[in-house]
Protein chains: 2
Amino acid sequence: MTETTGYSGSGFVHVKNPHLDSMEEDILYHLDLGTKTHNLPAMFGDIKFVVVGGSPNRMRAFAQFMQRELGLGAGEELPDISAGSDRYAMYRAGPVLSISHGMGIPSISIMLHELIKLLHHAKCRDVTIIRIGTSGGLGIEAGSVVITDRAVDSSFRPRFEQVVLGDVVVRSTELDKELAEELLACSREIADFPTLIGHTMCTYDFYEGQGRLDGALCSFSREKKLEYLSRAYDTGVRNIEMESTAFAALCGLCGLKAAVVCVALLDRLEGDQIQASHEVLWEYQQRPQRLIAAFIRKRLGLGPAH
Amino acid sequence: MTETTGYSGSGFVHVKNPHLDSMEEDILYHLDLGTKTHNLPAMFGDIKFVVVGGSPNRMRAFAQFMQRELGLGAGEELPDISAGSDRYAMYRAGPVLSISHGMGIPSISIMLHELIKLLHHAKCRDVTIIRIGTSGGLGIEAGSVVITDRAVDSSFRPRFEQVVLGDVVVRSTELDKELAEELLACSREIADFPTLIGHTMCTYDFYEGQGRLDGALCSFSREKKLEYLSRAYDTGVRNIEMESTAFAALCGLCGLKAAVVCVALLDRLEGDQIQASHEVLWEYQQRPQRLIAAFIRKRLGLGPAH
């Protein structure tokens, strides 16, 4: 069974669940929000950009950065909107919502189900969603930023397999091509790091699933690892992470224009361990943030970044 | 390809990776620890119990609780050993290490790879590892605690499929039977909540994967949902969570005696939303902690809990 994506002209988010209408209350448990306890349209109705990433500290830093970039105040503490849950952290800066999603497909998928319902309940329109993350590069310099044109699974196929009541449903992992091109155009104004478009491979595991030789378990040789990663490279894969296929599939089905922008912390053809210093890694992690800030400023007509 | 489990007589943790010996340094990136930067045997060599759970706040609370239970001090702040990473949180109280693992198989598997290498580098012996978590119950009262005798996948099979270089490897999800019985015996001394042994189903998703009607997407009827959950119940499944198969498989392969103890936050045959108050949920989440504290006190010869 294959499902089709859900873009349409209204600009609203599409929840595809006939049961939701008959619910008296919808508790977004892992976000610590709900339709009876919170006025979601008032809190979130004007959100136009949702930026998600794995780490809660990074997503707080991004919200603070956006606050400065949008001229909304300088460095005051932003409250964690989901503070009552310690599963995810959520911050807002003007029309930008910044949310952490943890690591891996199951973790991001819980967040996305509840986020999509949140955007639906809040009657948000024309929302763009971008995942900013870290990744392992393939044949690219550490610190390069990859804009994903296609999220693929560990067999290099552009598909996501979702289990529904014990059966596998295959979903498309198409991302928005125009958005990817728009982001690439923005990157040309940021000269101090390389940005490219490429395929992104998404795995269920950081060690064996990504062919690392340094996990607690490893049953393969360095040659087999390199043979696998080279095959991935030859199909167009330029980085590897752990959320993009599920992110692309869920956002596509719900009519959200979506992009994935990840920095490579190392080149996996060279090694497995992340050995760069905290300072270097911190600067790398700011690169997708700077690119997205430039994009949002441009969309809002604010001109080049400060 | 099926692999066998790795229990043996030495009591050491088994890393099954011939490449590790040739590494000059091992950086446990997501734990913010390493063999060159930290004296792991001095820091962790005497650890006998590792308790893991999804939420960082809960695992801090558990470490503080254990500190009191073991008479090691009353309520002072415990430092987060992995504070330099915001992926996981780690605390210790005497011989007990308490670590968060986030949500889902990919997230727990990253932590376990690095934890198992940590226990190996630290030369720990005779370590018992227990996952304490929250879950959806099946045909049991909310607040019941389930000790897992068998972790099964969404087709009710006791197996975990790990992708290695693009190929699927099938792993056993056996847990330690004696440990489960020992935990059940401890539970008989705690009268104020029900504890039972049952199968635990592990899924990759909280919404569609667990047959919930309240996600952003839902393509099935209430009848189909109940038919699926009833089939699960009939095979012996008593609760549903998102980590147990990978946890059982990895711990089993590395020779760690492992158990899974989860409280049910609701009965999924009755509903999908978690509607209990924060206070009730907080008390539920303390139940596995109290059971594990009683177990550890007994193992250490400390007599019944305060």
# chains A, B, ... in the order shown; residues from 1 in each chain; ligands from 1
$ residues_around --residues "segment 38-40 of chain B" --least-positions-apart "2" --cutoff "9 Å" --atoms "only C-alpha atoms" --output "MDAnalysis selection string"
chainID B and resid 33:36 42:45 118:119 121:123
$ write_last_selection --atoms "C-alpha atoms" --output "PDB file, in the first residue's frame"
ATOM      1  CA  LEU B  33      33.150  10.642  28.247  1.00  0.00           C
ATOM      2  CA  GLY B  34      36.311   9.100  26.803  1.00  0.00           C
ATOM      3  CA  THR B  35      39.176   6.761  27.602  1.00  0.00           C
ATOM      4  CA  LYS B  36      41.801   9.499  27.374  1.00  0.00           C
ATOM      5  CA  ALA B  42      38.198   4.832  38.821  1.00  0.00           C
ATOM      6  CA  MET B  43      34.918   6.540  38.012  1.00  0.00           C
ATOM      7  CA  PHE B  44      32.797   3.461  37.301  1.00  0.00           C
ATOM      8  CA  GLY B  45      34.699   0.253  38.203  1.00  0.00           C
ATOM      9  CA  LEU B 118      31.921   2.284  29.254  1.00  0.00           C
ATOM     10  CA  LEU B 119      31.344  -0.789  31.472  1.00  0.00           C
ATOM     11  CA  HIS B 121      36.583   0.091  29.672  1.00  0.00           C
ATOM     12  CA  ALA B 122      35.830   0.483  33.397  1.00  0.00           C
ATOM     13  CA  LYS B 123      36.286  -3.300  33.923  1.00  0.00           C
TER      14      LYS B 123
END
$ interface_residues --of "chain A" --to "chain B" --cutoff "8 Å" --atoms "only C-alpha atoms" --output "VMD selection string"
chain A and resid 15 to 20 26 to 27 29 55 to 57 86 to 87 102 to 107 109 to 110 113 to 114 116 to 117 154 to 155 162 to 166 204 to 211 213 to 219 225 228 242 273 to 275
$ residues_around --residues "Ser135 of chain B" --least-positions-apart "6" --cutoff "7 Å" --atoms "only C-alpha atoms" --output "mmCIF file with N, CA and C atoms, in the first residue's frame"
data_model
loop_
_atom_site.group_PDB
_atom_site.id
_atom_site.type_symbol
_atom_site.label_atom_id
_atom_site.label_comp_id
_atom_site.auth_asym_id
_atom_site.auth_seq_id
_atom_site.Cartn_x
_atom_site.Cartn_y
_atom_site.Cartn_z
ATOM 1 N N ASN B 239 1.740 -5.146 28.092
ATOM 2 C CA ASN B 239 1.987 -3.704 27.935
ATOM 3 C C ASN B 239 2.776 -3.431 26.660
ATOM 4 N N ILE B 240 2.790 -2.143 26.257
ATOM 5 C CA ILE B 240 3.390 -1.722 24.990
ATOM 6 C C ILE B 240 4.309 -0.547 25.276
ATOM 7 N N GLU B 241 5.549 -0.645 24.811
ATOM 8 C CA GLU B 241 6.459 0.491 24.920
ATOM 9 C C GLU B 241 7.346 0.541 23.679
ATOM 10 N N CYS B 262 8.048 -1.792 33.672
ATOM 11 C CA CYS B 262 7.351 -0.570 33.248
ATOM 12 C C CYS B 262 5.999 -0.471 33.927
ATOM 13 N N VAL B 263 5.625 0.739 34.269
ATOM 14 C CA VAL B 263 4.290 0.973 34.787
ATOM 15 C C VAL B 263 3.369 1.301 33.608
ATOM 16 N N ALA B 264 2.130 0.860 33.699
ATOM 17 C CA ALA B 264 1.133 1.175 32.673
ATOM 18 C C ALA B 264 0.430 2.480 33.054
ATOM 19 N N LEU B 265 0.464 3.473 32.162
ATOM 20 C CA LEU B 265 -0.160 4.772 32.459
ATOM 21 C C LEU B 265 -1.665 4.757 32.173
#
$ calpha_fit_and_write --fixed "chain A" --moving "chain B" --output "short mmCIF file (atom, residue, chain, number, x, y, z; two decimals) with C-alpha atoms, in the first residue's frame"
data_model
loop_
_atom_site.label_atom_id
_atom_site.label_comp_id
_atom_site.auth_asym_id
_atom_site.auth_seq_id
_atom_site.Cartn_x
_atom_site.Cartn_y
_atom_site.Cartn_z
CA MET B 1 0.06 0.02 -0.03
CA THR B 2 1.45 3.41 -1.00
CA GLU B 3 -0.01 6.71 0.13
CA THR B 4 0.17 10.02 -1.67
CA THR B 5 1.35 13.32 -0.30
CA GLY B 6 -1.04 15.96 0.91
CA TYR B 7 -0.11 19.38 -0.47
CA SER B 8 -3.13 21.50 -1.30
CA GLY B 9 -4.07 25.11 -1.89
CA SER B 10 -5.63 26.07 1.44
CA GLY B 11 -2.37 26.48 3.30
CA PHE B 12 -3.77 24.67 6.33
CA VAL B 13 -2.09 21.64 7.83
CA HIS B 14 -3.93 18.41 7.02
CA VAL B 15 -4.53 16.01 9.80
CA LYS B 16 -5.69 12.81 8.18
CA ASN B 17 -7.62 11.32 11.01
CA PRO B 18 -11.44 11.21 11.02
CA HIS B 19 -11.46 10.35 14.74
CA LEU B 20 -10.03 13.70 15.86
CA ASP B 21 -13.24 15.65 15.20
CA SER B 22 -15.18 13.57 17.68
CA MET B 23 -12.71 14.08 20.53
CA GLU B 24 -13.87 16.48 23.20
CA GLU B 25 -10.32 17.26 24.22
CA ASP B 26 -6.96 16.56 22.62
CA ILE B 27 -4.09 16.19 25.07
CA LEU B 28 -0.72 16.62 23.34
CA TYR B 29 0.87 14.59 26.09
CA HIS B 30 4.57 14.79 25.20
CA LEU B 31 4.38 18.55 24.55
CA ASP B 32 2.43 19.22 27.76
CA LEU B 33 -0.26 21.12 25.85
CA GLY B 34 -3.95 20.49 25.24
CA THR B 35 -7.04 21.92 23.59
CA LYS B 36 -8.87 22.44 26.88
CA THR B 37 -5.97 23.66 28.99
CA HIS B 38 -4.43 26.03 26.40
CA ASN B 39 -5.76 28.51 23.85
CA LEU B 40 -3.76 27.08 20.99
CA PRO B 41 -4.94 29.52 18.26
CA ALA B 42 -3.94 32.46 20.48
CA MET B 43 -0.62 30.90 21.42
CA PHE B 44 0.42 29.59 18.00
CA GLY B 45 -1.96 30.85 15.27
CA ASP B 46 0.62 33.22 13.76
CA ILE B 47 3.48 30.68 13.54
CA LYS B 48 4.93 30.53 10.01
CA PHE B 49 8.20 28.66 10.54
CA VAL B 50 8.82 25.57 12.60
CA VAL B 51 12.44 24.58 13.06
CA VAL B 52 13.18 21.24 14.71
CA GLY B 53 16.40 19.59 15.81
CA GLY B 54 17.59 16.81 18.08
CA SER B 55 19.12 18.61 21.04
CA PRO B 56 17.10 20.75 23.48
CA ASN B 57 20.03 23.10 24.23
CA ARG B 58 20.63 23.68 20.54
CA MET B 59 16.97 24.48 19.91
CA ARG B 60 16.93 26.96 22.80
CA ALA B 61 20.08 28.57 21.37
CA PHE B 62 18.41 28.73 17.96
CA ALA B 63 15.33 30.48 19.37
CA GLN B 64 17.54 33.01 21.15
CA PHE B 65 19.53 33.55 17.96
CA MET B 66 16.32 34.09 15.96
CA GLN B 67 15.10 36.54 18.55
CA ARG B 68 18.20 38.65 17.96
CA GLU B 69 18.06 38.18 14.18
CA LEU B 70 14.44 39.35 14.09
CA GLY B 71 15.16 42.32 16.35
CA LEU B 72 12.79 41.03 19.04
CA GLY B 73 15.02 41.56 22.07
CA ALA B 74 18.54 40.68 23.04
CA GLY B 75 19.26 37.52 24.89
CA GLU B 76 16.56 37.43 27.57
CA GLU B 77 15.66 33.95 28.74
CA LEU B 78 12.94 32.35 26.64
CA PRO B 79 10.48 30.12 28.49
CA ASP B 80 10.28 26.43 27.52
CA ILE B 81 6.65 26.12 26.40
CA SER B 82 6.78 22.35 27.01
CA ALA B 83 8.57 22.66 30.37
CA GLY B 84 5.98 20.42 32.07
CA SER B 85 7.24 17.52 29.93
CA ASP B 86 10.91 16.66 29.79
CA ARG B 87 10.51 14.76 26.54
CA TYR B 88 10.85 17.79 24.25
CA ALA B 89 11.69 21.47 24.61
CA MET B 90 9.80 24.21 22.71
CA TYR B 91 10.59 27.91 22.33
CA ARG B 92 9.19 30.66 20.18
CA ALA B 93 10.71 33.81 18.70
CA GLY B 94 8.16 35.84 16.77
CA PRO B 95 6.70 33.67 13.98
CA VAL B 96 9.35 30.98 14.55
CA LEU B 97 8.76 27.90 16.70
CA SER B 98 11.89 25.96 17.72
CA ILE B 99 11.39 22.42 19.03
CA SER B 100 13.70 19.56 19.99
CA HIS B 101 12.87 16.05 18.81
CA GLY B 102 15.47 13.80 20.44
CA MET B 103 17.30 11.15 18.44
CA GLY B 104 15.87 8.71 15.96
CA ILE B 105 12.69 8.09 13.98
CA PRO B 106 10.45 7.01 16.88
CA SER B 107 11.36 10.10 18.90
CA ILE B 108 10.82 12.59 16.06
CA SER B 109 7.62 10.87 14.99
CA ILE B 110 5.95 11.30 18.41
CA MET B 111 6.85 14.99 18.34
CA LEU B 112 5.64 15.45 14.75
CA HIS B 113 2.26 13.80 15.38
CA GLU B 114 1.66 16.20 18.26
CA LEU B 115 3.14 19.22 16.47
CA ILE B 116 0.97 18.63 13.39
CA LYS B 117 -2.12 18.38 15.60
CA LEU B 118 -0.98 21.55 17.39
CA LEU B 119 -0.68 23.46 14.08
CA HIS B 120 -4.10 22.11 13.07
CA HIS B 121 -5.80 23.07 16.34
CA ALA B 122 -4.11 26.50 16.20
CA LYS B 123 -5.37 27.01 12.60
CA CYS B 124 -1.89 27.87 11.36
CA ARG B 125 -1.53 28.56 7.63
CA ASP B 126 1.37 28.34 5.17
CA VAL B 127 3.81 26.86 7.63
CA THR B 128 7.31 25.90 6.49
CA ILE B 129 9.07 23.26 8.58
CA ILE B 130 12.80 22.67 8.58
CA ARG B 131 14.86 20.08 10.43
CA ILE B 132 18.33 21.33 11.33
CA GLY B 133 20.64 18.64 12.54
CA THR B 134 24.02 17.03 12.75
CA SER B 135 25.10 14.16 10.54
CA GLY B 136 27.98 12.11 9.29
CA GLY B 137 29.20 13.30 5.91
CA LEU B 138 30.07 11.05 2.97
CA GLY B 139 32.94 12.24 0.83
CA ILE B 140 32.49 15.83 1.97
CA GLU B 141 34.55 18.06 4.24
CA ALA B 142 33.68 18.17 7.95
CA GLY B 143 31.63 21.29 8.58
CA SER B 144 29.85 21.14 5.21
CA VAL B 145 26.11 21.76 5.27
CA VAL B 146 23.90 19.39 3.27
CA ILE B 147 20.42 20.42 2.08
CA THR B 148 18.54 17.17 1.46
CA ASP B 149 16.93 16.69 -1.93
CA ARG B 150 15.92 13.11 -1.18
CA ALA B 151 15.76 11.16 2.07
CA VAL B 152 16.59 7.49 1.53
CA ASP B 153 16.60 4.39 3.73
CA SER B 154 19.53 2.06 4.46
CA SER B 155 18.98 0.40 1.05
CA PHE B 156 19.18 3.84 -0.64
CA ARG B 157 15.46 3.84 -1.52
CA PRO B 158 13.37 7.03 -1.13
CA ARG B 159 10.80 5.39 1.11
CA PHE B 160 9.73 5.11 4.70
CA GLU B 161 8.15 1.96 6.08
CA GLN B 162 5.57 2.64 8.76
CA VAL B 163 4.06 -0.25 10.71
CA VAL B 164 0.30 0.20 11.19
CA LEU B 165 -1.49 -2.48 13.23
CA GLY B 166 1.35 -4.89 12.50
CA ASP B 167 1.35 -4.29 8.71
CA VAL B 168 3.92 -2.29 6.76
CA VAL B 169 2.73 0.81 4.90
CA VAL B 170 5.24 2.35 2.45
CA ARG B 171 5.40 6.14 2.35
CA SER B 172 7.08 8.59 0.00
CA THR B 173 9.95 10.67 1.39
CA GLU B 174 9.70 13.53 -1.11
CA LEU B 175 10.79 16.92 0.20
CA ASP B 176 9.91 20.31 -1.26
CA LYS B 177 12.22 20.94 -4.22
CA GLU B 178 11.59 24.70 -4.44
CA LEU B 179 12.32 25.11 -0.75
CA ALA B 180 15.62 23.22 -1.13
CA GLU B 181 16.60 25.49 -4.03
CA GLU B 182 15.58 28.60 -2.07
CA LEU B 183 17.77 27.45 0.82
CA LEU B 184 20.68 26.79 -1.53
CA ALA B 185 20.30 30.31 -2.93
CA CYS B 186 20.43 31.72 0.63
CA SER B 187 23.58 29.73 1.33
CA ARG B 188 25.40 31.53 -1.49
CA GLU B 189 25.30 34.67 0.64
CA ILE B 190 27.15 32.90 3.48
CA ALA B 191 30.69 32.53 2.29
CA ASP B 192 32.49 30.92 5.20
CA PHE B 193 31.27 27.33 4.88
CA PRO B 194 30.41 25.00 1.99
CA THR B 195 26.74 24.11 1.38
CA LEU B 196 25.54 21.52 -1.10
CA ILE B 197 22.41 19.62 -2.12
CA GLY B 198 22.50 15.82 -1.86
CA HIS B 199 20.67 12.70 -0.78
CA THR B 200 20.50 11.96 2.95
CA MET B 201 20.49 8.40 4.25
CA CYS B 202 18.42 7.78 7.36
CA THR B 203 19.15 4.81 9.64
CA TYR B 204 17.70 3.31 12.81
CA ASP B 205 21.04 3.14 14.57
CA PHE B 206 24.20 5.19 14.90
CA TYR B 207 26.69 2.31 15.13
CA GLU B 208 25.98 -0.92 13.23
CA GLY B 209 23.26 0.71 11.12
CA GLN B 210 25.71 3.33 9.83
CA GLY B 211 28.60 0.92 9.38
CA ARG B 212 30.65 2.22 12.32
CA LEU B 213 33.59 0.13 13.49
CA ASP B 214 33.54 1.57 17.02
CA GLY B 215 30.31 0.32 18.61
CA ALA B 216 29.96 -2.29 21.36
CA LEU B 217 29.16 -4.74 18.56
CA CYS B 218 30.76 -4.89 15.13
CA SER B 219 30.70 -7.98 12.94
CA PHE B 220 32.15 -6.54 9.72
CA SER B 221 35.54 -5.47 8.38
CA ARG B 222 36.78 -2.01 7.47
CA GLU B 223 36.64 -3.09 3.81
CA LYS B 224 32.95 -4.11 4.04
CA LYS B 225 32.16 -0.84 5.76
CA LEU B 226 33.85 1.22 3.05
CA GLU B 227 32.25 -0.84 0.31
CA TYR B 228 28.79 -0.07 1.80
CA LEU B 229 29.46 3.63 2.30
CA SER B 230 30.93 3.90 -1.22
CA ARG B 231 27.80 2.34 -2.67
CA ALA B 232 25.77 4.92 -0.74
CA TYR B 233 27.98 7.70 -2.12
CA ASP B 234 27.59 6.39 -5.66
CA THR B 235 23.78 6.63 -5.41
CA GLY B 236 24.12 10.30 -4.40
CA VAL B 237 24.11 10.06 -0.59
CA ARG B 238 26.16 12.89 0.93
CA ASN B 239 25.26 12.52 4.60
CA ILE B 240 23.75 10.09 7.11
CA GLU B 241 21.41 10.86 9.99
CA MET B 242 18.53 9.25 11.86
CA GLU B 243 15.29 11.19 11.26
CA SER B 244 14.89 12.44 7.69
CA THR B 245 12.75 9.68 6.10
CA ALA B 246 10.09 9.77 8.82
CA PHE B 247 10.21 13.58 8.88
CA ALA B 248 9.76 13.81 5.09
CA ALA B 249 6.98 11.20 5.07
CA LEU B 250 4.90 12.69 7.90
CA CYS B 251 5.30 16.32 6.77
CA GLY B 252 4.53 15.38 3.17
CA LEU B 253 1.34 13.51 4.09
CA CYS B 254 0.16 16.47 6.18
CA GLY B 255 0.83 19.14 3.56
CA LEU B 256 3.74 20.84 5.29
CA LYS B 257 6.52 22.17 3.04
CA ALA B 258 9.57 20.58 4.56
CA ALA B 259 13.35 20.71 4.29
CA VAL B 260 16.27 18.98 6.02
CA VAL B 261 19.51 20.91 6.56
CA CYS B 262 22.29 19.11 8.42
CA VAL B 263 25.92 19.86 9.05
CA ALA B 264 28.43 17.02 8.68
CA LEU B 265 30.50 16.59 11.87
CA LEU B 266 33.02 14.36 10.10
CA ASP B 267 33.60 12.52 6.83
CA ARG B 268 32.60 8.90 7.41
CA LEU B 269 34.91 7.76 4.59
CA GLU B 270 37.76 8.97 6.84
CA GLY B 271 36.63 7.67 10.24
CA ASP B 272 33.88 6.94 12.74
CA GLN B 273 34.65 8.83 15.94
CA ILE B 274 33.65 12.46 16.40
CA GLN B 275 37.00 13.87 17.50
CA ALA B 276 36.68 17.60 16.90
CA SER B 277 36.74 19.83 19.98
CA HIS B 278 33.57 21.09 21.66
CA GLU B 279 34.33 24.55 20.25
CA VAL B 280 34.66 23.36 16.66
CA LEU B 281 31.53 21.21 16.96
CA TRP B 282 29.61 24.13 18.44
CA GLU B 283 30.59 26.34 15.50
CA TYR B 284 29.60 23.58 13.03
CA GLN B 285 26.19 23.30 14.68
CA GLN B 286 25.62 27.02 14.22
CA ARG B 287 25.99 26.73 10.44
CA PRO B 288 22.51 25.31 9.70
CA GLN B 289 21.12 27.86 12.19
CA ARG B 290 22.77 30.75 10.35
CA LEU B 291 21.48 29.47 7.00
CA ILE B 292 17.92 29.12 8.31
CA ALA B 293 18.08 32.56 9.94
CA ALA B 294 19.13 34.08 6.58
CA PHE B 295 16.25 32.22 4.88
CA ILE B 296 13.65 33.39 7.41
CA ARG B 297 14.91 37.00 7.28
CA LYS B 298 14.63 36.90 3.49
CA ARG B 299 11.12 35.44 3.62
CA LEU B 300 10.10 38.17 6.06
CA GLY B 301 11.66 40.88 3.88
CA LEU B 302 14.24 41.83 6.49
CA GLY B 303 17.29 41.89 4.20
CA PRO B 304 20.67 40.27 4.87
CA ALA B 305 21.62 39.11 8.36
CA HIS B 306 23.34 41.40 10.87
#
$ select_by_dssp --residues "segment 41-265 of chain B" --states "alpha helix (DSSP H)" --output "MDAnalysis selection string"
chainID B and resid 41:44 56:69 105:121 177:187 222:234 244:253
$ select_by_dssp --residues "segment 74-292 of chain A" --states "strand (DSSP E)" --output "PyMOL selection string"
chain A and resi 90-93+96-100+128-137+145-152+159-164+167-172+195-202+237-241+257-267
$ write_last_selection --atoms "C-alpha atoms" --output "compact mmCIF listing (two decimals), in the first residue's frame"
# COMPACT_ATOMS: atom_id res chain seq x y z
CA MET A 90 9.78 24.20 22.71
CA TYR A 91 10.59 27.91 22.33
CA ARG A 92 9.19 30.66 20.17
CA ALA A 93 10.70 33.81 18.70
CA VAL A 96 9.34 30.98 14.57
CA LEU A 97 8.77 27.90 16.70
CA SER A 98 11.88 25.96 17.72
CA ILE A 99 11.38 22.41 19.04
CA SER A 100 13.70 19.57 19.99
CA THR A 128 7.30 25.90 6.50
CA ILE A 129 9.08 23.26 8.58
CA ILE A 130 12.81 22.67 8.59
CA ARG A 131 14.84 20.08 10.43
CA ILE A 132 18.33 21.34 11.33
CA GLY A 133 20.65 18.64 12.54
CA THR A 134 24.02 17.02 12.75
CA SER A 135 25.08 14.16 10.54
CA GLY A 136 27.98 12.11 9.29
CA GLY A 137 29.21 13.30 5.90
CA VAL A 145 26.12 21.77 5.27
CA VAL A 146 23.90 19.39 3.28
CA ILE A 147 20.43 20.41 2.08
CA THR A 148 18.54 17.17 1.47
CA ASP A 149 16.93 16.68 -1.93
CA ARG A 150 15.94 13.11 -1.17
CA ALA A 151 15.77 11.16 2.08
CA VAL A 152 16.60 7.49 1.53
CA ARG A 159 10.80 5.39 1.11
CA PHE A 160 9.72 5.10 4.71
CA GLU A 161 8.14 1.96 6.09
CA GLN A 162 5.55 2.64 8.77
CA VAL A 163 4.06 -0.25 10.73
CA VAL A 164 0.29 0.21 11.19
CA ASP A 167 1.35 -4.29 8.72
CA VAL A 168 3.93 -2.29 6.75
CA VAL A 169 2.74 0.81 4.90
CA VAL A 170 5.24 2.35 2.45
CA ARG A 171 5.40 6.13 2.34
CA SER A 172 7.08 8.59 0.00
CA THR A 195 26.75 24.12 1.38
CA LEU A 196 25.54 21.52 -1.10
CA ILE A 197 22.42 19.62 -2.11
CA GLY A 198 22.49 15.83 -1.85
CA HIS A 199 20.68 12.70 -0.77
CA THR A 200 20.50 11.97 2.95
CA MET A 201 20.49 8.41 4.26
CA CYS A 202 18.42 7.78 7.36
CA VAL A 237 24.11 10.07 -0.58
CA ARG A 238 26.17 12.89 0.95
CA ASN A 239 25.27 12.52 4.61
CA ILE A 240 23.75 10.09 7.11
CA GLU A 241 21.43 10.85 10.00
CA LYS A 257 6.51 22.16 3.05
CA ALA A 258 9.57 20.59 4.55
CA ALA A 259 13.35 20.70 4.29
CA VAL A 260 16.27 18.98 6.02
CA VAL A 261 19.51 20.91 6.57
CA CYS A 262 22.29 19.10 8.42
CA VAL A 263 25.93 19.86 9.05
CA ALA A 264 28.43 17.02 8.69
CA LEU A 265 30.49 16.59 11.87
CA LEU A 266 33.03 14.35 10.11
CA ASP A 267 33.59 12.51 6.83
